[in-house]
Amino acid sequence: MNHVEILGVPFIHSTRNEFIDILHRRIKQQNKTFVVTANPEIVMMANENKVFMEYLQTADFITPDGIGIVKAAGWLNKPLPERVPGFDTMKDLLSLANENQYRVYFLGAKQEVLEQCIHNVSNDFPKMEIAGYHNGFFDLDNPQIAEEIRELKPDLIFVALGAPRQEQWIYQNIAKFDKGIFMGVGGSFDGIAGVVPRAPEIWQKLNIEWLYRLIQQPTRWKRMLAIPRFVFKVLLQKTNKR
């Protein structure tokens with residue numbers, strides 16, 4: 001698969017549907033797969049944290065989760081087909097699990113949020129097998145969590161610990177497993193549980209979902225400061241490649 005590199009982070013050159021097809025083949029072949037969904041904040045975090053960049057470099061696929069990534073690719077004259085949002089990708093995979101009765105494990109979030117998430121996915125995807133779940137409050141160096149999950153033999157493992165914690169957990173533990181799609185999904189459990197509402201469709205189509213989330217969660221403003229730094233560094237990368 002072709003990639004577009006933005007500030008050292010290689011993004012897949014793929015549509016969302018093409019990507020789901022690739023992951024489905026890997027599930028059927030029982031190929032372990034590390035998926036990262038990255039927006040400008042993640043890219044800047046990786047540029048400012050060498051250890052986190054190492055986690056990303058070991059991922060099998062990094063998707064452009066954010067219009068800022070797609071815009072940056074265009075500025076660099078290496079256009080990406082479209083956004084491949086983590087939340088939508090997760091929902092696509094849940095639908096796939098429902099159609100094929102795949103086993104799914106959910107790791108992360110507060111206990112009450114996680115339980116509501118499990119309740120909702122059970123209703124929406126009744127044929128999917130829930131292999132198990134555990135909240136996000138545990139020591140990352142505790143090997144017991146990974147061992148318990150491994151014994152359940154899930155096909156999909158969604159890790160909602162937030163970056164860089166979720167990528168660190170996958171990086172540290174994926175070698176212990178025989179199979180599975182491991183995907184960091186940030187606050188997606190909150191979205192499925194209904195704790196944090198998804199932006200209305202018109203906001204999504206206008207690519208200003210980030211603004212809706214900021215209005216809903218004003219405490220995110222500090223994280224948003226990464227965006228102007230990201231734009232500056234991408235434009236600098238473009239200038240240096242001329």
# chains A, B, ... in the order shown; residues from 1 in each chain; ligands from 1
>>> residues_around(residues="Asn77 in chain A", least_positions_apart="4", cutoff="12 Å", atoms="only C-alpha atoms", output="ChimeraX atom specification")
/A:4-6,70-73,234-235,237-239,241-242
>>> residues_around(residues="Lys179 in chain A", least_positions_apart="6", cutoff="12 Å", atoms="only C-alpha atoms", output="number ranges by chain")
A: 26-34, 103, 149-157, 173
>>> residues_around(residues="range 14-18 of chain A", least_positions_apart="6", cutoff="9 Å", atoms="only C-alpha atoms", output="ChimeraX atom specification")
/A:1-3,63,80-85,88-89,92
>>> write_last_selection(atoms="N, CA and C atoms", output="PDB file, in the first residue's frame")
ATOM      1  N   MET A   1       0.843  -1.198   0.000  1.00  0.00           N
ATOM      2  CA  MET A   1       0.000   0.000   0.000  1.00  0.00           C
ATOM      3  C   MET A   1       0.877   1.247   0.000  1.00  0.00           C
ATOM      4  N   ASN A   2       0.466   2.249  -0.803  1.00  0.00           N
ATOM      5  CA  ASN A   2       1.199   3.505  -0.844  1.00  0.00           C
ATOM      6  C   ASN A   2       0.956   4.317   0.427  1.00  0.00           C
ATOM      7  N   HIS A   3       1.927   5.168   0.737  1.00  0.00           N
ATOM      8  CA  HIS A   3       1.832   6.010   1.923  1.00  0.00           C
ATOM      9  C   HIS A   3       2.155   7.454   1.571  1.00  0.00           C
ATOM     10  N   THR A  63      -3.995   5.900   9.893  1.00  0.00           N
ATOM     11  CA  THR A  63      -5.044   6.499   9.072  1.00  0.00           C
ATOM     12  C   THR A  63      -5.139   8.008   9.303  1.00  0.00           C
ATOM     13  N   LEU A  80      -4.366  12.800  -0.373  1.00  0.00           N
ATOM     14  CA  LEU A  80      -4.990  11.590   0.154  1.00  0.00           C
ATOM     15  C   LEU A  80      -6.430  11.533  -0.340  1.00  0.00           C
ATOM     16  N   PRO A  81      -6.970  10.324  -0.559  1.00  0.00           N
ATOM     17  CA  PRO A  81      -8.333  10.205  -1.102  1.00  0.00           C
ATOM     18  C   PRO A  81      -9.405  10.829  -0.216  1.00  0.00           C
ATOM     19  N   GLU A  82      -9.291  10.617   1.111  1.00  0.00           N
ATOM     20  CA  GLU A  82     -10.305  11.117   2.032  1.00  0.00           C
ATOM     21  C   GLU A  82      -9.861  10.877   3.470  1.00  0.00           C
ATOM     22  N   ARG A  83     -10.621  11.438   4.388  1.00  0.00           N
ATOM     23  CA  ARG A  83     -10.413  11.127   5.811  1.00  0.00           C
ATOM     24  C   ARG A  83     -10.800   9.681   6.065  1.00  0.00           C
ATOM     25  N   VAL A  84     -10.106   9.068   7.013  1.00  0.00           N
ATOM     26  CA  VAL A  84     -10.487   7.735   7.483  1.00  0.00           C
ATOM     27  C   VAL A  84     -10.621   7.853   9.006  1.00  0.00           C
ATOM     28  N   PRO A  85     -11.744   8.423   9.468  1.00  0.00           N
ATOM     29  CA  PRO A  85     -11.908   8.717  10.897  1.00  0.00           C
ATOM     30  C   PRO A  85     -11.920   7.457  11.762  1.00  0.00           C
ATOM     31  N   ASP A  88     -15.554   6.252  12.814  1.00  0.00           N
ATOM     32  CA  ASP A  88     -16.280   5.594  11.726  1.00  0.00           C
ATOM     33  C   ASP A  88     -15.661   4.244  11.385  1.00  0.00           C
ATOM     34  N   THR A  89     -14.343   4.177  11.427  1.00  0.00           N
ATOM     35  CA  THR A  89     -13.661   2.905  11.161  1.00  0.00           C
ATOM     36  C   THR A  89     -14.033   1.864  12.209  1.00  0.00           C
ATOM     37  N   ASP A  92     -17.463   0.653  11.453  1.00  0.00           N
ATOM     38  CA  ASP A  92     -17.414  -0.258  10.306  1.00  0.00           C
ATOM     39  C   ASP A  92     -16.942  -1.648  10.732  1.00  0.00           C
TER      40      ASP A  92
END
>>> residues_around(residues="Phe125 in chain A", least_positions_apart="3", cutoff="10 Å", atoms="only C-alpha atoms", output="PyMOL selection string")
chain A and resi 91+94-99+101+120-122+128-130
>>> select_by_dssp(residues="chain A", states="helix (DSSP H, G or I)", output="ChimeraX atom specification")
/A:16-28,40-48,50-57,67-75,86-100,111-124,143-152,165-176,188-193,201-205,209-216,218-224,226-240
>>> closest_residue(among="A:Lys50, A:Lys78, A:Arg165, A:Lys110", to="Pro10 in chain A", atoms="only C-alpha atoms")
A:Lys78
>>> decode(residues="range 170-182 of chain A", atoms="N, CA, C and O atoms", output="JSON list (two decimals), in the first residue's frame")
[["chain", "number", "residue", "atom", "x", "y", "z"],
["A", 170, "ILE", "N", -0.51, -1.09, 23.23],
["A", 170, "ILE", "CA", -0.48, -1.99, 22.07],
["A", 170, "ILE", "C", 0.96, -2.36, 21.74],
["A", 170, "ILE", "O", 1.29, -3.54, 21.54],
["A", 171, "TYR", "N", 1.84, -1.38, 21.70],
["A", 171, "TYR", "CA", 3.25, -1.60, 21.39],
["A", 171, "TYR", "C", 3.88, -2.61, 22.35],
["A", 171, "TYR", "O", 4.63, -3.50, 21.94],
["A", 172, "GLN", "N", 3.55, -2.49, 23.63],
["A", 172, "GLN", "CA", 4.15, -3.34, 24.65],
["A", 172, "GLN", "C", 3.59, -4.76, 24.65],
["A", 172, "GLN", "O", 4.27, -5.69, 25.11],
["A", 173, "ASN", "N", 2.38, -4.94, 24.13],
["A", 173, "ASN", "CA", 1.70, -6.22, 24.32],
["A", 173, "ASN", "C", 1.35, -7.01, 23.06],
["A", 173, "ASN", "O", 1.07, -8.21, 23.16],
["A", 174, "ILE", "N", 1.38, -6.41, 21.90],
["A", 174, "ILE", "CA", 0.90, -7.09, 20.70],
["A", 174, "ILE", "C", 1.69, -8.36, 20.40],
["A", 174, "ILE", "O", 1.14, -9.34, 19.88],
["A", 175, "ALA", "N", 2.96, -8.38, 20.76],
["A", 175, "ALA", "CA", 3.79, -9.56, 20.48],
["A", 175, "ALA", "C", 3.32, -10.80, 21.25],
["A", 175, "ALA", "O", 3.62, -11.93, 20.86],
["A", 176, "LYS", "N", 2.57, -10.59, 22.32],
["A", 176, "LYS", "CA", 2.10, -11.71, 23.15],
["A", 176, "LYS", "C", 0.91, -12.44, 22.51],
["A", 176, "LYS", "O", 0.56, -13.53, 22.95],
["A", 177, "PHE", "N", 0.31, -11.82, 21.50],
["A", 177, "PHE", "CA", -0.91, -12.37, 20.91],
["A", 177, "PHE", "C", -0.61, -13.17, 19.64],
["A", 177, "PHE", "O", 0.39, -12.94, 18.97],
["A", 178, "ASP", "N", -1.50, -14.09, 19.32],
["A", 178, "ASP", "CA", -1.39, -14.89, 18.11],
["A", 178, "ASP", "C", -2.12, -14.25, 16.93],
["A", 178, "ASP", "O", -1.81, -14.54, 15.77],
["A", 179, "LYS", "N", -3.11, -13.41, 17.23],
["A", 179, "LYS", "CA", -3.90, -12.77, 16.17],
["A", 179, "LYS", "C", -4.57, -11.53, 16.74],
["A", 179, "LYS", "O", -4.49, -11.26, 17.94],
["A", 180, "GLY", "N", -5.25, -10.80, 15.87],
["A", 180, "GLY", "CA", -6.05, -9.67, 16.34],
["A", 180, "GLY", "C", -5.73, -8.35, 15.66],
["A", 180, "GLY", "O", -4.58, -8.06, 15.36],
["A", 181, "ILE", "N", -6.80, -7.55, 15.42],
["A", 181, "ILE", "CA", -6.64, -6.18, 14.97],
["A", 181, "ILE", "C", -6.64, -5.31, 16.22],
["A", 181, "ILE", "O", -7.62, -5.28, 16.96],
["A", 182, "PHE", "N", -5.54, -4.63, 16.48],
["A", 182, "PHE", "CA", -5.40, -3.77, 17.66],
["A", 182, "PHE", "C", -5.51, -2.32, 17.19],
["A", 182, "PHE", "O", -4.71, -1.86, 16.40]]
